[in-house]
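Here is the file structure.pdb (PDB, C-alpha atoms).
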```pdb
ATOM      1  CA  MET A  22     146.975   5.370  53.282
ATOM      2  CA  THR A  23     145.136   8.024  55.242
ATOM      3  CA  GLU A  24     145.423   8.489  58.987
ATOM      4  CA  ALA A  25     141.904   7.186  59.440
ATOM      5  CA  SER A  26     142.883   3.725  58.169
ATOM      6  CA  ALA A  27     145.264   3.306  61.131
ATOM      7  CA  GLN A  28     142.247   3.080  63.422
ATOM      8  CA  PRO A  29     139.259   0.772  63.109
ATOM      9  CA  SER A  30     136.279   2.178  61.219
ATOM     10  CA  LEU A  31     133.911   4.527  63.022
ATOM     11  CA  ILE A  32     131.083   2.741  61.264
ATOM     12  CA  THR A  33     129.921  -0.394  63.051
ATOM     13  CA  ASP A  34     128.042  -3.339  61.529
ATOM     14  CA  GLU A  35     124.952  -2.226  63.478
ATOM     15  CA  MET A  36     125.158   1.168  61.790
ATOM     16  CA  ARG A  37     125.619  -0.401  58.339
ATOM     17  CA  ALA A  38     122.539  -2.553  58.977
ATOM     18  CA  THR A  39     120.361   0.589  59.264
ATOM     19  CA  ILE A  40     121.137   1.697  55.687
ATOM     20  CA  GLY A  41     118.020   1.506  53.534
ATOM     21  CA  LYS A  42     115.731   0.599  56.440
ATOM     22  CA  ARG A  43     112.558   2.639  56.072
ATOM     23  CA  GLY A  44     111.041   4.380  59.074
ATOM     24  CA  GLU A  45     107.386   4.743  60.046
ATOM     25  CA  PRO A  46     105.389   6.874  57.600
ATOM     26  CA  THR A  47     104.442  10.414  58.724
ATOM     27  CA  THR A  48     101.501  12.392  57.374
ATOM     28  CA  MET A  49     102.327  15.885  56.091
ATOM     29  CA  GLU A  50      99.468  18.262  55.325
ATOM     30  CA  VAL A  51      99.902  20.987  52.715
ATOM     31  CA  ASP A  52      97.370  23.704  53.397
ATOM     32  CA  LYS A  53      96.852  27.306  52.386
ATOM     33  CA  THR A  54      97.569  28.759  55.827
ATOM     34  CA  ALA A  55     100.895  26.946  56.082
ATOM     35  CA  VAL A  56     101.906  27.796  52.493
ATOM     36  CA  ARG A  57     101.228  31.489  53.167
ATOM     37  CA  MET A  58     103.101  31.343  56.474
ATOM     38  CA  PHE A  59     106.120  29.672  54.868
ATOM     39  CA  ALA A  60     106.136  32.065  51.893
ATOM     40  CA  ARG A  61     105.825  35.070  54.232
ATOM     41  CA  ALA A  62     108.720  33.819  56.373
ATOM     42  CA  VAL A  63     110.993  33.511  53.328
ATOM     43  CA  GLY A  64     109.858  36.884  51.974
ATOM     44  CA  HIS A  65     108.332  35.571  48.725
ATOM     45  CA  THR A  66     106.627  38.305  46.715
ATOM     46  CA  ASP A  67     105.013  36.177  43.964
ATOM     47  CA  PRO A  68     101.220  36.325  44.572
ATOM     48  CA  VAL A  69     100.817  32.635  43.561
ATOM     49  CA  TYR A  70     101.859  31.742  47.135
ATOM     50  CA  TYR A  71      99.162  33.920  48.717
ATOM     51  CA  ASP A  72      96.210  34.322  46.326
ATOM     52  CA  GLU A  73      94.469  31.204  45.023
ATOM     53  CA  GLU A  74      93.055  33.032  41.969
ATOM     54  CA  GLU A  75      96.592  34.031  40.938
ATOM     55  CA  ALA A  76      97.830  30.487  41.548
ATOM     56  CA  LYS A  77      95.093  29.033  39.313
ATOM     57  CA  LYS A  78      95.774  31.639  36.600
ATOM     58  CA  ALA A  79      99.416  30.528  36.675
ATOM     59  CA  GLY A  80      98.387  26.884  36.173
ATOM     60  CA  TYR A  81      98.470  25.453  39.708
ATOM     61  CA  ARG A  82      95.587  23.528  41.358
ATOM     62  CA  SER A  83      95.810  25.791  44.426
ATOM     63  CA  LEU A  84      98.612  27.675  46.228
ATOM     64  CA  PRO A  85     101.816  25.808  45.273
ATOM     65  CA  ALA A  86     104.259  24.648  47.936
ATOM     66  CA  PRO A  87     107.165  27.148  47.822
ATOM     67  CA  PRO A  88     110.659  25.695  47.192
ATOM     68  CA  GLY A  89     111.783  23.881  50.340
ATOM     69  CA  TYR A  90     108.271  23.448  51.770
ATOM     70  CA  LEU A  91     107.018  19.880  51.816
ATOM     71  CA  GLY A  92     104.065  20.093  54.132
ATOM     72  CA  THR A  93     103.849  20.390  57.879
ATOM     73  CA  PRO A  94     103.968  17.281  60.040
ATOM     74  CA  VAL A  95     100.698  16.588  61.829
ATOM     75  CA  PHE A  96     101.563  17.517  65.407
ATOM     76  CA  ASP A  97     100.462  15.177  68.171
ATOM     77  CA  PRO A  98     101.950  15.708  71.652
ATOM     78  CA  ARG A  99     101.943  11.937  72.206
ATOM     79  CA  THR A 100     104.281  11.235  69.311
ATOM     80  CA  SER A 101     105.816  14.497  68.049
ATOM     81  CA  ASP A 102     109.170  16.025  68.889
ATOM     82  CA  PRO A 103     108.492  19.243  70.869
ATOM     83  CA  THR A 104     111.255  21.225  69.103
ATOM     84  CA  PHE A 105     111.025  20.009  65.517
ATOM     85  CA  GLY A 106     107.397  18.845  65.295
ATOM     86  CA  GLY A 107     108.092  15.598  63.429
ATOM     87  CA  ARG A 108     107.666  12.141  64.874
ATOM     88  CA  ARG A 109     110.020  11.514  67.783
ATOM     89  CA  GLY A 110     112.848   9.177  66.882
ATOM     90  CA  GLN A 111     113.173   5.784  68.508
ATOM     91  CA  GLY A 112     116.255   6.809  70.500
ATOM     92  CA  PRO A 113     119.599   7.788  68.988
ATOM     93  CA  GLY A 114     120.145   4.503  67.103
ATOM     94  CA  PRO A 115     123.434   2.583  66.838
ATOM     95  CA  GLN A 116     126.454   4.680  67.844
ATOM     96  CA  PRO A 117     129.886   4.928  66.129
ATOM     97  CA  SER A 118     132.796   2.904  67.531
ATOM     98  CA  ARG A 119     134.348   6.077  69.028
ATOM     99  CA  PRO A 120     132.173   8.818  70.527
ATOM    100  CA  LEU A 121     131.573  11.967  68.441
ATOM    101  CA  LYS A 122     130.285  14.953  70.363
ATOM    102  CA  ARG A 123     129.247  17.530  67.783
ATOM    103  CA  ILE A 124     126.752  17.613  64.964
ATOM    104  CA  LEU A 125     126.358  19.913  61.940
ATOM    105  CA  ASN A 126     123.703  20.182  59.256
ATOM    106  CA  GLY A 127     125.806  19.653  56.117
ATOM    107  CA  GLY A 128     123.278  20.367  53.413
ATOM    108  CA  THR A 129     119.850  19.871  51.898
ATOM    109  CA  GLU A 130     118.543  18.875  48.476
ATOM    110  CA  TYR A 131     115.010  18.746  47.115
ATOM    111  CA  GLU A 132     114.047  16.885  43.983
ATOM    112  CA  TYR A 133     110.522  17.406  42.635
ATOM    113  CA  PHE A 134     108.590  15.147  40.274
ATOM    114  CA  ASP A 135     105.250  16.989  40.192
ATOM    115  CA  ASP A 136     103.469  20.046  41.594
ATOM    116  CA  ILE A 137     102.684  20.003  45.309
ATOM    117  CA  CYS A 138      99.773  22.287  46.199
ATOM    118  CA  ALA A 139      97.581  23.255  49.134
ATOM    119  CA  GLY A 140      95.004  20.513  49.671
ATOM    120  CA  ASP A 141      97.533  17.734  49.112
ATOM    121  CA  THR A 142      98.272  15.195  51.823
ATOM    122  CA  LEU A 143     101.756  13.754  51.626
ATOM    123  CA  THR A 144     103.073  10.593  53.212
ATOM    124  CA  ALA A 145     106.729  10.884  54.154
ATOM    125  CA  VAL A 146     109.032   7.923  54.685
ATOM    126  CA  SER A 147     112.661   8.438  55.716
ATOM    127  CA  TYR A 148     115.691   6.215  55.636
ATOM    128  CA  THR A 149     119.464   6.430  55.953
ATOM    129  CA  SER A 150     120.826   6.065  52.428
ATOM    130  CA  ASP A 151     124.556   6.279  53.109
ATOM    131  CA  ILE A 152     127.144   6.512  55.898
ATOM    132  CA  GLN A 153     130.713   7.631  55.148
ATOM    133  CA  GLU A 154     133.715   8.545  57.251
ATOM    134  CA  ARG A 155     136.358  11.080  56.329
ATOM    135  CA  GLN A 156     139.339  12.945  57.770
ATOM    136  CA  GLY A 157     138.672  16.630  57.332
ATOM    137  CA  SER A 158     139.311  20.050  58.754
ATOM    138  CA  LEU A 159     137.145  19.100  61.738
ATOM    139  CA  GLY A 160     139.123  15.901  62.438
ATOM    140  CA  GLU A 161     137.384  12.584  61.939
ATOM    141  CA  MET A 162     133.905  13.039  60.573
ATOM    142  CA  LEU A 163     130.949  10.761  60.133
ATOM    143  CA  ILE A 164     128.710  11.797  57.259
ATOM    144  CA  THR A 165     125.184  10.408  57.231
ATOM    145  CA  THR A 166     122.853  10.922  54.283
ATOM    146  CA  THR A 167     119.127  10.678  54.963
ATOM    147  CA  LYS A 168     116.456  10.569  52.297
ATOM    148  CA  THR A 169     112.763  11.252  52.728
ATOM    149  CA  GLU A 170     110.333  10.219  50.009
ATOM    150  CA  TYR A 171     107.043  12.111  49.719
ATOM    151  CA  THR A 172     104.061  10.416  48.109
ATOM    152  CA  ASN A 173     100.818  12.326  47.495
ATOM    153  CA  GLN A 174      97.168  11.300  48.014
ATOM    154  CA  ASP A 175      97.136   9.687  44.534
ATOM    155  CA  GLY A 176     100.068   7.448  45.409
ATOM    156  CA  LYS A 177     102.473   9.399  43.217
ATOM    157  CA  LEU A 178     106.072  10.015  44.374
ATOM    158  CA  VAL A 179     106.242  13.825  44.187
ATOM    159  CA  ALA A 180     109.496  14.698  45.942
ATOM    160  CA  ILE A 181     112.639  13.352  47.560
ATOM    161  CA  ALA A 182     114.449  15.430  50.176
ATOM    162  CA  THR A 183     118.069  14.566  50.968
ATOM    163  CA  GLY A 184     119.770  15.765  54.128
ATOM    164  CA  THR A 185     123.429  15.450  55.088
ATOM    165  CA  GLY A 186     124.355  15.287  58.755
ATOM    166  CA  ILE A 187     127.982  15.607  59.889
ATOM    167  CA  ARG A 188     129.141  14.317  63.285
ATOM    168  CA  TYR A 189     132.652  15.060  64.475
TER     169      TYR A 189
ATOM    170  CA  MET B  24     110.104  35.629  34.013
ATOM    171  CA  ALA B  25     112.822  33.781  32.181
ATOM    172  CA  ASN B  26     112.444  32.350  28.695
ATOM    173  CA  TRP B  27     114.363  29.195  27.771
ATOM    174  CA  ASN B  28     115.143  30.350  24.225
ATOM    175  CA  GLU B  29     116.721  33.577  25.463
ATOM    176  CA  THR B  30     118.637  32.009  28.343
ATOM    177  CA  GLN B  31     122.394  31.887  27.799
ATOM    178  CA  GLU B  32     125.076  29.824  29.487
ATOM    179  CA  GLY B  33     127.261  32.031  31.657
ATOM    180  CA  GLN B  34     124.497  34.573  32.242
ATOM    181  CA  ALA B  35     123.985  35.850  35.797
ATOM    182  CA  ILE B  36     120.420  35.839  37.115
ATOM    183  CA  PRO B  37     119.005  38.806  39.071
ATOM    184  CA  GLU B  38     120.401  38.998  42.583
ATOM    185  CA  LEU B  39     118.194  38.708  45.681
ATOM    186  CA  LYS B  40     119.304  40.593  48.783
ATOM    187  CA  LYS B  41     118.230  39.443  52.225
ATOM    188  CA  ASN B  42     118.983  40.783  55.682
ATOM    189  CA  CYS B  43     117.194  38.837  58.414
ATOM    190  CA  THR B  44     115.612  40.505  61.405
ATOM    191  CA  SER B  45     115.009  38.414  64.523
ATOM    192  CA  GLN B  46     111.327  38.773  63.560
ATOM    193  CA  GLN B  47     111.987  36.938  60.295
ATOM    194  CA  LEU B  48     113.750  34.115  62.169
ATOM    195  CA  VAL B  49     110.699  33.759  64.433
ATOM    196  CA  GLN B  50     108.446  33.715  61.349
ATOM    197  CA  TRP B  51     110.649  31.018  59.860
ATOM    198  CA  ALA B  52     110.538  28.975  63.074
ATOM    199  CA  ALA B  53     106.741  28.977  62.842
ATOM    200  CA  GLY B  54     106.604  28.551  59.059
ATOM    201  CA  SER B  55     109.049  25.648  58.971
ATOM    202  CA  GLY B  56     108.195  24.071  62.330
ATOM    203  CA  ASP B  57     111.847  24.257  63.470
ATOM    204  CA  PHE B  58     111.742  25.737  66.970
ATOM    205  CA  TYR B  59     115.412  25.113  67.853
ATOM    206  CA  GLN B  60     116.251  27.937  70.285
ATOM    207  CA  ILE B  61     119.665  28.855  68.804
ATOM    208  CA  HIS B  62     117.702  30.817  66.177
ATOM    209  CA  TYR B  63     115.674  33.117  68.466
ATOM    210  CA  ASP B  64     116.918  32.879  72.075
ATOM    211  CA  ALA B  65     120.282  34.685  72.419
ATOM    212  CA  GLU B  66     121.002  33.304  75.890
ATOM    213  CA  PHE B  67     120.339  29.763  74.749
ATOM    214  CA  ALA B  68     122.502  30.299  71.636
ATOM    215  CA  LYS B  69     125.389  31.591  73.790
ATOM    216  CA  SER B  70     125.081  28.589  76.113
ATOM    217  CA  THR B  71     125.897  26.350  73.109
ATOM    218  CA  GLY B  72     129.069  28.353  72.334
ATOM    219  CA  LEU B  73     127.666  30.583  69.591
ATOM    220  CA  SER B  74     128.166  34.362  69.704
ATOM    221  CA  GLY B  75     124.400  34.859  69.443
ATOM    222  CA  ILE B  76     121.418  33.744  67.391
ATOM    223  CA  ILE B  77     122.141  32.515  63.863
ATOM    224  CA  VAL B  78     120.119  32.282  60.641
ATOM    225  CA  HIS B  79     118.612  28.826  59.986
ATOM    226  CA  GLY B  80     120.444  26.931  57.236
ATOM    227  CA  ALA B  81     117.118  25.808  55.779
ATOM    228  CA  LEU B  82     116.001  29.452  55.497
ATOM    229  CA  LYS B  83     119.065  30.212  53.360
ATOM    230  CA  ASN B  84     118.182  27.175  51.275
ATOM    231  CA  ALA B  85     114.651  28.600  50.876
ATOM    232  CA  PHE B  86     116.171  31.989  49.876
ATOM    233  CA  LEU B  87     118.009  30.177  47.071
ATOM    234  CA  GLY B  88     114.673  28.596  46.098
ATOM    235  CA  GLN B  89     113.136  32.086  45.933
ATOM    236  CA  LEU B  90     116.091  33.343  43.874
ATOM    237  CA  VAL B  91     115.504  30.601  41.293
ATOM    238  CA  HIS B  92     111.694  30.911  41.366
ATOM    239  CA  ASP B  93     111.786  34.698  40.920
ATOM    240  CA  TRP B  94     114.059  34.286  37.914
ATOM    241  CA  ALA B  95     112.317  31.306  36.295
ATOM    242  CA  GLY B  96     108.691  32.314  36.968
ATOM    243  CA  ASN B  97     105.603  30.122  36.754
ATOM    244  CA  ASN B  98     106.200  28.923  33.189
ATOM    245  CA  ALA B  99     108.978  26.827  34.692
ATOM    246  CA  ARG B 100     109.322  24.385  37.556
ATOM    247  CA  ILE B 101     112.255  23.719  39.848
ATOM    248  CA  LYS B 102     113.174  20.055  39.303
ATOM    249  CA  LYS B 103     115.970  20.000  41.824
ATOM    250  CA  PHE B 104     117.824  22.392  44.103
ATOM    251  CA  GLY B 105     120.169  22.008  47.003
ATOM    252  CA  CYS B 106     123.008  23.562  48.920
ATOM    253  CA  SER B 107     125.732  22.912  51.484
ATOM    254  CA  TYR B 108     125.902  24.830  54.744
ATOM    255  CA  ARG B 109     129.515  26.035  54.915
ATOM    256  CA  GLY B 110     129.269  29.130  57.077
ATOM    257  CA  MET B 111     126.973  30.828  59.553
ATOM    258  CA  ASP B 112     125.042  34.008  58.839
ATOM    259  CA  LEU B 113     123.822  36.379  61.516
ATOM    260  CA  PRO B 114     120.701  38.526  61.670
ATOM    261  CA  GLY B 115     121.331  42.142  60.631
ATOM    262  CA  GLU B 116     123.961  41.139  58.058
ATOM    263  CA  ASP B 117     123.409  41.161  54.295
ATOM    264  CA  ILE B 118     122.893  37.771  52.659
ATOM    265  CA  LEU B 119     123.314  38.167  48.905
ATOM    266  CA  CYS B 120     121.717  35.367  46.879
ATOM    267  CA  LYS B 121     123.254  34.954  43.434
ATOM    268  CA  GLY B 122     123.180  32.562  40.516
ATOM    269  CA  VAL B 123     124.752  31.831  37.146
ATOM    270  CA  VAL B 124     123.424  29.685  34.279
ATOM    271  CA  LYS B 125     125.847  26.772  33.853
ATOM    272  CA  ARG B 126     124.140  24.693  31.189
ATOM    273  CA  LYS B 127     121.130  24.879  28.873
ATOM    274  CA  TYR B 128     120.009  21.619  27.246
ATOM    275  CA  GLU B 129     117.183  19.322  26.203
ATOM    276  CA  GLU B 130     116.846  15.901  27.759
ATOM    277  CA  GLY B 131     113.952  13.426  27.620
ATOM    278  CA  GLY B 132     111.894  16.023  25.747
ATOM    279  CA  GLU B 133     112.368  18.620  28.519
ATOM    280  CA  LYS B 134     113.896  22.079  28.151
ATOM    281  CA  LEU B 135     116.294  22.337  31.081
ATOM    282  CA  VAL B 136     118.709  24.793  32.650
ATOM    283  CA  ASP B 137     121.308  24.014  35.315
ATOM    284  CA  LEU B 138     122.355  26.843  37.587
ATOM    285  CA  GLU B 139     125.034  27.408  40.167
ATOM    286  CA  VAL B 140     123.539  29.373  43.061
ATOM    287  CA  TRP B 141     124.928  30.588  46.365
ATOM    288  CA  THR B 142     124.623  33.051  49.214
ATOM    289  CA  GLU B 143     127.469  35.382  50.061
ATOM    290  CA  LYS B 144     128.288  37.885  52.780
ATOM    291  CA  ALA B 145     129.046  41.550  52.096
ATOM    292  CA  ASP B 146     132.788  40.679  52.035
ATOM    293  CA  GLY B 147     132.211  38.075  49.301
ATOM    294  CA  THR B 148     132.511  34.939  51.480
ATOM    295  CA  LYS B 149     130.201  32.237  50.118
ATOM    296  CA  THR B 150     128.369  30.604  53.025
ATOM    297  CA  THR B 151     125.869  28.471  51.147
ATOM    298  CA  PRO B 152     127.028  27.089  47.772
ATOM    299  CA  GLY B 153     124.313  25.282  45.839
ATOM    300  CA  TYR B 154     122.817  24.264  42.526
ATOM    301  CA  ALA B 155     119.466  24.037  40.786
ATOM    302  CA  THR B 156     117.883  22.451  37.742
ATOM    303  CA  VAL B 157     114.878  24.188  36.206
ATOM    304  CA  LYS B 158     112.448  22.732  33.664
ATOM    305  CA  PHE B 159     110.706  25.147  31.298
ATOM    306  CA  LEU B 160     107.100  24.262  30.413
TER     307      LEU B 160
END
```

When written as structure tokens, how does the structure in this file appear?
Amino acid sequence: MTEASAQPSLITDEMRATIGKRGEPTTMEVDKTAVRMFARAVGHTDPVYYDEEEAKKAGYRSLPAPPGYLGTPVFDPRTSDPTFGGRRGQGPGPQPSRPLKRILNGGTEYEYFDDICAGDTLTAVSYTSDIQERQGSLGEMLITTTKTEYTNQDGKLVAIATGTGIRY
Amino acid sequence: MANWNETQEGQAIPELKKNCTSQQLVQWAAGSGDFYQIHYDAEFAKSTGLSGIIVHGALKNAFLGQLVHDWAGNNARIKKFGCSYRGMDLPGEDILCKGVVKRKYEEGGEKLVDLEVWTEKADGTKTTPGYATVKFL
């Protein structure tokens, strides 16, 4: 028996009910300017990210999305988060049974099923896929896994991004 | 660019060395759309308890993507890559991106390679352990 089992679960029924519930779709545009900006920020040197001729010679439809780039959310001051640009959340959602003050970005994963190139318009839909609790070096931790599915203009699922958030 | 036939399990891939300026963090803020102030406003960063501005985790993830892309080239595609954020990195410090081939195999008619990738500080501390799967065309 771990220490955590002495106390009731951090995870409430309301929190469990959010698992798998898909959010509102967001439109993500992949365009040449943004691909170049992203590639420049990372320090990519491969010309396929900057020069469309080179990209086509290498077999891409246009500048490919560099690893980790999945389009830029369409910014609208009425609905977008001012810091992160994506759609503003609908409040913080159901809270754990005991308050947790701090938050950490635990990790990121990208899975690709096809090329994503400038000119594509992606539709992103996010959902919480898992909530776990654990005793760790930071004390009691709540680990939330969020998945975002990206579908292109042809209706094809082209990528899934997975993010892990840690609250403690 | 890498060639599947010549790739060997256990082989190290060419290292990528990064050392972020505050300018690069501002470029990343714009390029990624993440304008959280802990990455470019030292006073704001200190007000949250940090010693100063820190490198974005997602930028280190993108460095690992570049590491794999630069090795694999355009006759390959990254099928999957990811990492955990275990430690902070600061601007002006070396971030060494490294990788090792863990497995080479064929599955579902695809020629695949699994890699272990990570970033480490000059003293060898790994701050961003990760993995990647590459498909050769």

Up to 10 Å from chain B, what residues of chain A turn up? Count only C-alpha atoms and give them as an MDAnalysis selection string.
chainID A and resid 54:67 69 76 78:81 87:94 96 103:107 125:136 180:185

Within 9 Å of (103.1, 11.3, 47.3) (coordinates as in the file), grab all the protein and nucleic acid residues, counting all atoms listed in the file, and write them out as a CSV table (one decimal) with C-alpha atoms, in the coordinates of the input.
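Now in result-v1.csv:
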```
chain,number,residue,atom,x,y,z
A,137,ILE,CA,102.7,20.0,45.3
A,141,ASP,CA,97.5,17.7,49.1
A,142,THR,CA,98.3,15.2,51.8
A,143,LEU,CA,101.8,13.8,51.6
A,144,THR,CA,103.1,10.6,53.2
A,145,ALA,CA,106.7,10.9,54.2
A,170,GLU,CA,110.3,10.2,50.0
A,171,TYR,CA,107.0,12.1,49.7
A,172,THR,CA,104.1,10.4,48.1
A,173,ASN,CA,100.8,12.3,47.5
A,174,GLN,CA,97.2,11.3,48.0
A,175,ASP,CA,97.1,9.7,44.5
A,176,GLY,CA,100.1,7.4,45.4
A,177,LYS,CA,102.5,9.4,43.2
A,178,LEU,CA,106.1,10.0,44.4
A,179,VAL,CA,106.2,13.8,44.2
A,180,ALA,CA,109.5,14.7,45.9
```

Length of the CA of Glu161 in chain A to CA of Trp141 in chain B vector [Å]
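Distance between the two atoms: 26.9 Å.
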
Take the PyMOL selection byres ((chain B and resi 25) around 8), apply it to the structure above, and return the hits as a ChimeraX atom specification.
/B:24,26-27,29-30,94-96

Surrounding residues of Pro85 in chain A excluding itself and chain neighbours under 5 positions, 7 Å, only C-alpha atoms, as an MDAnalysis selection string:
chainID A and resid 70 137:139

Of the residues A:Thr169, A:Thr48, A:Thr39, A:Ser30, which is the one nearest to Asp151 in chain A, using all atoms listed in the file?
A:Thr39

List, as a list in words, every residue that the PyMOL selection byres ((chain B and resi 146) around 12) selects in the file provided.
Glu116, Asp117, Ile118, Leu119, Thr142, Glu143, Lys144, Ala145, Gly147, Thr148, Lys149 and Thr150 of chain B

Between CA of Asn42 in chain B and CA of Pro114 in chain B lies a distance of 6.6 Å

Kindly resolve the PyMOL selection byres ((chain A and resi 31) around 7) on the present coordinates and return the residues as a PyMOL selection string.
chain A and resi 29-30+32-33+117-119

Residues as selected, C-alpha atoms, written as a short mmCIF file (atom, residue, chain, number, x, y, z; two decimals), in the frame of the given file, can you do that?
```
data_model
loop_
_atom_site.label_atom_id
_atom_site.label_comp_id
_atom_site.auth_asym_id
_atom_site.auth_seq_id
_atom_site.Cartn_x
_atom_site.Cartn_y
_atom_site.Cartn_z
CA PRO A 29 139.26 0.77 63.11
CA SER A 30 136.28 2.18 61.22
CA ILE A 32 131.08 2.74 61.26
CA THR A 33 129.92 -0.39 63.05
CA PRO A 117 129.89 4.93 66.13
CA SER A 118 132.80 2.90 67.53
CA ARG A 119 134.35 6.08 69.03
#
```

Between CA of Leu39 in chain B and CA of Val140 in chain B, what is the distance in Å, rounded to a tenth?
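Rounded to one decimal, the two atoms are 11.1 Å apart.
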
Could you write out as AutoDock Vina command-line options the box around range 30-46 of chain B (axis-aligned, all atoms listed in the file, 3 Å on each side), with centre and edge lengths in Å to one decimal?
```
--center_x 119.3 --center_y 35.3 --center_z 46.2 --size_x 21.9 --size_y 17.0 --size_z 42.7
```

Residue among B:Cys120, B:Leu113, B:Leu160, B:Leu135 lying closest to Ser74 in chain B, counting all atoms listed in the file:
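Closest residue, counting all atoms listed in the file: B:Leu113.
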
Would you list the residues near (118.9, 28.1, 66.7) (no more than 8 Å away, in the coordinates of the file, using all atoms listed in the file) as a ChimeraX atom specification?
/B:58-64,68,76-79

Next, dump the selected residues to file, keeping only C-alpha atoms, as a tab-separated table (two decimals), keeping the file's coordinate frame.
```
chain	number	residue	atom	x	y	z
B	58	PHE	CA	111.74	25.74	66.97
B	59	TYR	CA	115.41	25.11	67.85
B	60	GLN	CA	116.25	27.94	70.28
B	61	ILE	CA	119.66	28.86	68.80
B	62	HIS	CA	117.70	30.82	66.18
B	63	TYR	CA	115.67	33.12	68.47
B	64	ASP	CA	116.92	32.88	72.08
B	68	ALA	CA	122.50	30.30	71.64
B	76	ILE	CA	121.42	33.74	67.39
B	77	ILE	CA	122.14	32.52	63.86
B	78	VAL	CA	120.12	32.28	60.64
B	79	HIS	CA	118.61	28.83	59.99
```

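Counting all atoms listed in the file, the residue from A:Met162, A:Gly186, A:Val146, A:Arg123 that sits nearest to Pro46 in chain A is A:Val146.
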